[in-house]
Amino acid sequence: MNLFKSKSDMGIDLGTASVLVYVKGKGIVLREPSVVAIDKSNNKVLAVGEEARRMIGRTPGHIVAMRPMRDGVISDFDTTQLMLKHFIKKAFGGFGRPRLVVCIPCEATEVEKRAVRDAALNAGARTVYLIEEPIAAAIGAGIDITRPSGSMVVDIGGGTTDVAVISLGGMVVRSSIKIAGDKFDEAIIRYVRKEHKMMIGERTAEDLKVNIGCAYKRDEDISMEIRGRDLVLGLPRNIVVTSEEIRSALQETIEAIAECVHSVLEKTPPELAADICDKGILMTGGGSLLWGLDKYLEERMQVPVRVAEDAVSCVAIGTGKALDFSDRLEELTASNY
Ligand SMILES: Nc1ncnc2c1ncn2[C@@H]1O[C@H](COP(=O)(O)OP(=O)(O)OP(=O)(O)O)[C@@H](O)[C@H]1O
């Protein structure tokens, strides 16, 4: 029996940095930052998504623009629920109760899984299926995960890096660390504070990472001018930061991700390891777009590494497409509620 005939099926990539909603037959219909702005004086939601993101670091005392997901999991349950409700309504039009597949990090605890499930149910879902991020990423990247052949996926998001070797629809070896894009930004903030004696915000750090950041030495050093607050004078100041500086700032964090990939490869059974040598490692998630990270991992692991075509959307596409595996959905998803 096809459990998923309904047009109201949705896949949600409930991420630390952004939320993507995939609707069957339509593709990705919503892509917004996971940010909520709340007026603390009356607990009213002022803005959700992009509008709220623009407020980060610029709010007066009684307004907080916050990210309710941290390290890949829910850190503020009520706000996550409000955010989900808003996005489901926006994507779905507000009629009826959709059935949802929501992704979770591959080593989420039972408590973390329950929080996601409860938030989705309270936000208006009828049924909630949870799918682990590497499985969703692999489906989204077009890998036939049901074959008896090993595929390795490294999904680097904002909060977590999920690494898994998948075969026959399941994860044979996996690991998840709370080190990903956000930790890159934090490392840049620390670097600029220490080396330039200047305080910069999260958004400036992210701009530096995206525009000039790199994991591998660039042929030509590039630079970017940024603005922050001088820690000595306490006044606004402009400085120029180079890509080589960002590379050194990120080195330790990048190496932690490489270590995680290495530890999964070490535990991979030989037959599957041989498949991975042939097919290479697939990277997904926004963090995988850091310039030269594929080359860095390729040199470090001695295995070909490629970034998926639409790396940022793979997990969302996979959560939506998992609905097509209706006969195996319960096997593919971590839990069925
Ligand atoms: N071109 C780029 N270069 C480097 N990093 C990037 C680039 N584009 C996006 N990112 C980073 O990717 C991260 C977000 O990725 P993604 O949207 O896949 O995460 P998420 O699904 O919200 O997080 P998680 O899966 O950990 O909950 C952010 O840290 C963002 O700064």
# chains A, B, ... in the order shown; residues from 1 in each chain; ligands from 1
>>> residues_near_ligand(ligand="ligand 1", cutoff="7 Å", atoms="only C-alpha atoms and all ligand atoms", output="ChimeraX atom specification")
/A:13-19,71-73,156-161,180-182,206,209-210,285-291,312
>>> select_by_dssp(residues="region 40-173 of chain A", states="helix (DSSP H, G or I)", output="ChimeraX atom specification")
/A:50-53,77-92,110-122,133-140
>>> write_last_selection(atoms="C-alpha atoms", output="PDB file, in the first residue's frame")
ATOM      1  CA  GLU A  50      15.331  36.245   6.348  1.00  0.00           C
ATOM      2  CA  GLU A  51      13.678  39.286   7.924  1.00  0.00           C
ATOM      3  CA  ALA A  52      14.735  38.109  11.403  1.00  0.00           C
ATOM      4  CA  ARG A  53      18.274  37.350  10.194  1.00  0.00           C
ATOM      5  CA  PHE A  77      12.028  24.159  21.944  1.00  0.00           C
ATOM      6  CA  ASP A  78       9.232  26.766  22.000  1.00  0.00           C
ATOM      7  CA  THR A  79      10.918  29.037  19.474  1.00  0.00           C
ATOM      8  CA  THR A  80      11.722  26.112  17.148  1.00  0.00           C
ATOM      9  CA  GLN A  81       8.073  25.135  17.279  1.00  0.00           C
ATOM     10  CA  LEU A  82       6.989  28.692  16.410  1.00  0.00           C
ATOM     11  CA  MET A  83       9.464  28.804  13.564  1.00  0.00           C
ATOM     12  CA  LEU A  84       8.335  25.448  12.169  1.00  0.00           C
ATOM     13  CA  LYS A  85       4.700  26.437  12.408  1.00  0.00           C
ATOM     14  CA  HIS A  86       5.436  29.620  10.470  1.00  0.00           C
ATOM     15  CA  PHE A  87       7.350  27.789   7.721  1.00  0.00           C
ATOM     16  CA  ILE A  88       4.842  24.927   7.403  1.00  0.00           C
ATOM     17  CA  LYS A  89       2.030  27.449   7.047  1.00  0.00           C
ATOM     18  CA  LYS A  90       3.978  29.465   4.489  1.00  0.00           C
ATOM     19  CA  ALA A  91       4.895  26.402   2.416  1.00  0.00           C
ATOM     20  CA  PHE A  92       1.637  24.556   2.781  1.00  0.00           C
ATOM     21  CA  GLU A 110      16.431   9.834  21.816  1.00  0.00           C
ATOM     22  CA  VAL A 111      15.687  13.105  23.632  1.00  0.00           C
ATOM     23  CA  GLU A 112      16.806  15.159  20.633  1.00  0.00           C
ATOM     24  CA  LYS A 113      14.714  13.006  18.253  1.00  0.00           C
ATOM     25  CA  ARG A 114      11.684  13.386  20.481  1.00  0.00           C
ATOM     26  CA  ALA A 115      12.131  17.163  20.576  1.00  0.00           C
ATOM     27  CA  VAL A 116      12.116  17.352  16.748  1.00  0.00           C
ATOM     28  CA  ARG A 117       9.121  15.047  16.492  1.00  0.00           C
ATOM     29  CA  ASP A 118       7.143  16.938  19.146  1.00  0.00           C
ATOM     30  CA  ALA A 119       8.002  20.325  17.634  1.00  0.00           C
ATOM     31  CA  ALA A 120       6.816  19.136  14.193  1.00  0.00           C
ATOM     32  CA  LEU A 121       3.617  17.604  15.582  1.00  0.00           C
ATOM     33  CA  ASN A 122       2.816  20.707  17.642  1.00  0.00           C
ATOM     34  CA  GLU A 133      21.011  13.471   7.441  1.00  0.00           C
ATOM     35  CA  PRO A 134      23.569  11.327   5.532  1.00  0.00           C
ATOM     36  CA  ILE A 135      20.790   9.061   4.195  1.00  0.00           C
ATOM     37  CA  ALA A 136      18.767  12.098   3.099  1.00  0.00           C
ATOM     38  CA  ALA A 137      21.869  13.747   1.605  1.00  0.00           C
ATOM     39  CA  ALA A 138      22.704  10.613  -0.384  1.00  0.00           C
ATOM     40  CA  ILE A 139      19.151  10.274  -1.734  1.00  0.00           C
ATOM     41  CA  GLY A 140      19.131  13.995  -2.538  1.00  0.00           C
TER      42      GLY A 140
END
>>> residues_around(residues="Val128 (chain A)", least_positions_apart="3", cutoff="8 Å", atoms="only C-alpha atoms", output="list of chain:residue names")
A:Arg99, A:Leu100, A:Val101, A:Val102, A:Arg117, A:Ala120, A:Leu121, A:Ala125, A:Asn336, A:Tyr337
>>> write_last_selection(atoms="C-alpha atoms", output="PDB file, in the first residue's frame")
ATOM      1  CA  ARG A  99       2.774  14.397   6.717  1.00  0.00           C
ATOM      2  CA  LEU A 100       6.416  15.288   7.244  1.00  0.00           C
ATOM      3  CA  VAL A 101       9.809  13.725   6.846  1.00  0.00           C
ATOM      4  CA  VAL A 102      12.283  15.733   8.938  1.00  0.00           C
ATOM      5  CA  ARG A 117       9.121  15.047  16.492  1.00  0.00           C
ATOM      6  CA  ALA A 120       6.816  19.136  14.193  1.00  0.00           C
ATOM      7  CA  LEU A 121       3.617  17.604  15.582  1.00  0.00           C
ATOM      8  CA  ALA A 125       2.114  17.917  11.205  1.00  0.00           C
ATOM      9  CA  ASN A 336       7.794   6.367  12.717  1.00  0.00           C
ATOM     10  CA  TYR A 337       5.305   8.231  14.863  1.00  0.00           C
TER      11      TYR A 337
END
>>> decode(residues="region 101-148 of chain A", atoms="N, CA and C atoms", output="short mmCIF file (atom, residue, chain, number, x, y, z; two decimals), in the first residue's frame")
data_model
loop_
_atom_site.label_atom_id
_atom_site.label_comp_id
_atom_site.auth_asym_id
_atom_site.auth_seq_id
_atom_site.Cartn_x
_atom_site.Cartn_y
_atom_site.Cartn_z
N VAL A 101 8.55 14.42 6.58
CA VAL A 101 9.81 13.73 6.85
C VAL A 101 10.79 14.83 7.25
N VAL A 102 11.36 14.71 8.44
CA VAL A 102 12.28 15.73 8.94
C VAL A 102 13.64 15.08 9.18
N CYS A 103 14.71 15.79 8.81
CA CYS A 103 16.03 15.18 9.00
C CYS A 103 16.60 15.50 10.39
N ILE A 104 17.46 14.60 10.84
CA ILE A 104 18.13 14.78 12.14
C ILE A 104 19.60 14.36 11.98
N PRO A 105 20.51 14.87 12.83
CA PRO A 105 21.90 14.41 12.75
C PRO A 105 21.96 12.90 13.02
N CYS A 106 22.97 12.22 12.44
CA CYS A 106 22.94 10.75 12.51
C CYS A 106 23.22 10.19 13.90
N GLU A 107 23.73 11.00 14.82
CA GLU A 107 23.90 10.46 16.16
C GLU A 107 23.04 11.23 17.16
N ALA A 108 21.88 11.68 16.71
CA ALA A 108 20.97 12.40 17.62
C ALA A 108 20.51 11.45 18.73
N THR A 109 20.38 11.98 19.94
CA THR A 109 19.93 11.14 21.06
C THR A 109 18.42 10.98 20.98
N GLU A 110 17.89 10.05 21.79
CA GLU A 110 16.43 9.83 21.82
C GLU A 110 15.70 11.13 22.22
N VAL A 111 16.31 11.86 23.16
CA VAL A 111 15.69 13.10 23.63
C VAL A 111 15.65 14.13 22.50
N GLU A 112 16.75 14.21 21.75
CA GLU A 112 16.81 15.16 20.63
C GLU A 112 15.80 14.78 19.54
N LYS A 113 15.68 13.47 19.27
CA LYS A 113 14.71 13.01 18.25
C LYS A 113 13.30 13.35 18.68
N ARG A 114 13.04 13.11 19.97
CA ARG A 114 11.68 13.39 20.48
C ARG A 114 11.35 14.88 20.38
N ALA A 115 12.36 15.71 20.65
CA ALA A 115 12.13 17.16 20.58
C ALA A 115 11.75 17.57 19.15
N VAL A 116 12.43 17.01 18.15
CA VAL A 116 12.12 17.35 16.75
C VAL A 116 10.71 16.86 16.41
N ARG A 117 10.44 15.62 16.79
CA ARG A 117 9.12 15.05 16.49
C ARG A 117 8.01 15.86 17.14
N ASP A 118 8.19 16.19 18.43
CA ASP A 118 7.14 16.94 19.15
C ASP A 118 6.96 18.33 18.56
N ALA A 119 8.09 18.97 18.21
CA ALA A 119 8.00 20.32 17.63
C ALA A 119 7.24 20.27 16.31
N ALA A 120 7.50 19.25 15.49
CA ALA A 120 6.82 19.14 14.19
C ALA A 120 5.32 18.82 14.39
N LEU A 121 5.03 17.94 15.34
CA LEU A 121 3.62 17.60 15.58
C LEU A 121 2.86 18.82 16.11
N ASN A 122 3.48 19.52 17.07
CA ASN A 122 2.82 20.71 17.64
C ASN A 122 2.71 21.84 16.64
N ALA A 123 3.60 21.82 15.63
CA ALA A 123 3.55 22.87 14.61
C ALA A 123 2.51 22.57 13.54
N GLY A 124 1.86 21.41 13.64
CA GLY A 124 0.74 21.14 12.72
C GLY A 124 0.88 19.90 11.85
N ALA A 125 1.96 19.12 12.04
CA ALA A 125 2.11 17.92 11.21
C ALA A 125 1.15 16.82 11.67
N ARG A 126 0.73 15.98 10.72
CA ARG A 126 -0.15 14.86 11.09
C ARG A 126 0.70 13.65 11.50
N THR A 127 1.69 13.35 10.69
CA THR A 127 2.60 12.24 10.98
C THR A 127 4.01 12.75 10.75
N VAL A 128 4.94 12.27 11.57
CA VAL A 128 6.32 12.74 11.42
C VAL A 128 7.25 11.54 11.28
N TYR A 129 8.04 11.54 10.24
CA TYR A 129 9.09 10.54 10.06
C TYR A 129 10.42 11.24 10.19
N LEU A 130 11.34 10.62 10.92
CA LEU A 130 12.67 11.23 11.06
C LEU A 130 13.67 10.47 10.20
N ILE A 131 14.47 11.20 9.47
CA ILE A 131 15.48 10.55 8.61
C ILE A 131 16.84 11.13 8.93
N GLU A 132 17.84 10.26 8.98
CA GLU A 132 19.18 10.74 9.33
C GLU A 132 19.80 11.48 8.15
N GLU A 133 20.52 12.55 8.49
CA GLU A 133 21.01 13.47 7.44
C GLU A 133 21.84 12.81 6.33
N PRO A 134 22.79 11.90 6.64
CA PRO A 134 23.57 11.33 5.53
C PRO A 134 22.70 10.52 4.55
N ILE A 135 21.68 9.84 5.07
CA ILE A 135 20.79 9.06 4.19
C ILE A 135 20.04 10.03 3.28
N ALA A 136 19.50 11.10 3.89
CA ALA A 136 18.77 12.10 3.10
C ALA A 136 19.70 12.75 2.08
N ALA A 137 20.91 13.08 2.52
CA ALA A 137 21.87 13.75 1.61
C ALA A 137 22.19 12.84 0.42
N ALA A 138 22.37 11.55 0.70
CA ALA A 138 22.70 10.61 -0.38
C ALA A 138 21.53 10.49 -1.36
N ILE A 139 20.33 10.36 -0.84
CA ILE A 139 19.15 10.27 -1.73
C ILE A 139 19.06 11.56 -2.55
N GLY A 140 19.24 12.70 -1.87
CA GLY A 140 19.13 13.99 -2.54
C GLY A 140 20.19 14.19 -3.62
N ALA A 141 21.34 13.55 -3.45
CA ALA A 141 22.41 13.69 -4.44
C ALA A 141 22.26 12.67 -5.57
N GLY A 142 21.18 11.88 -5.50
CA GLY A 142 20.90 10.95 -6.59
C GLY A 142 21.58 9.60 -6.46
N ILE A 143 22.12 9.28 -5.28
CA ILE A 143 22.77 7.97 -5.10
C ILE A 143 21.69 6.91 -4.85
N ASP A 144 21.83 5.76 -5.52
CA ASP A 144 20.90 4.67 -5.25
C ASP A 144 21.38 3.94 -4.00
N ILE A 145 20.81 4.34 -2.87
CA ILE A 145 21.32 3.83 -1.59
C ILE A 145 20.90 2.38 -1.32
N THR A 146 20.01 1.84 -2.16
CA THR A 146 19.51 0.48 -1.90
C THR A 146 20.46 -0.59 -2.45
N ARG A 147 21.44 -0.18 -3.24
CA ARG A 147 22.36 -1.17 -3.85
C ARG A 147 23.35 -1.72 -2.82
N PRO A 148 23.82 -2.95 -3.03
CA PRO A 148 24.83 -3.50 -2.11
C PRO A 148 26.22 -2.97 -2.45
#
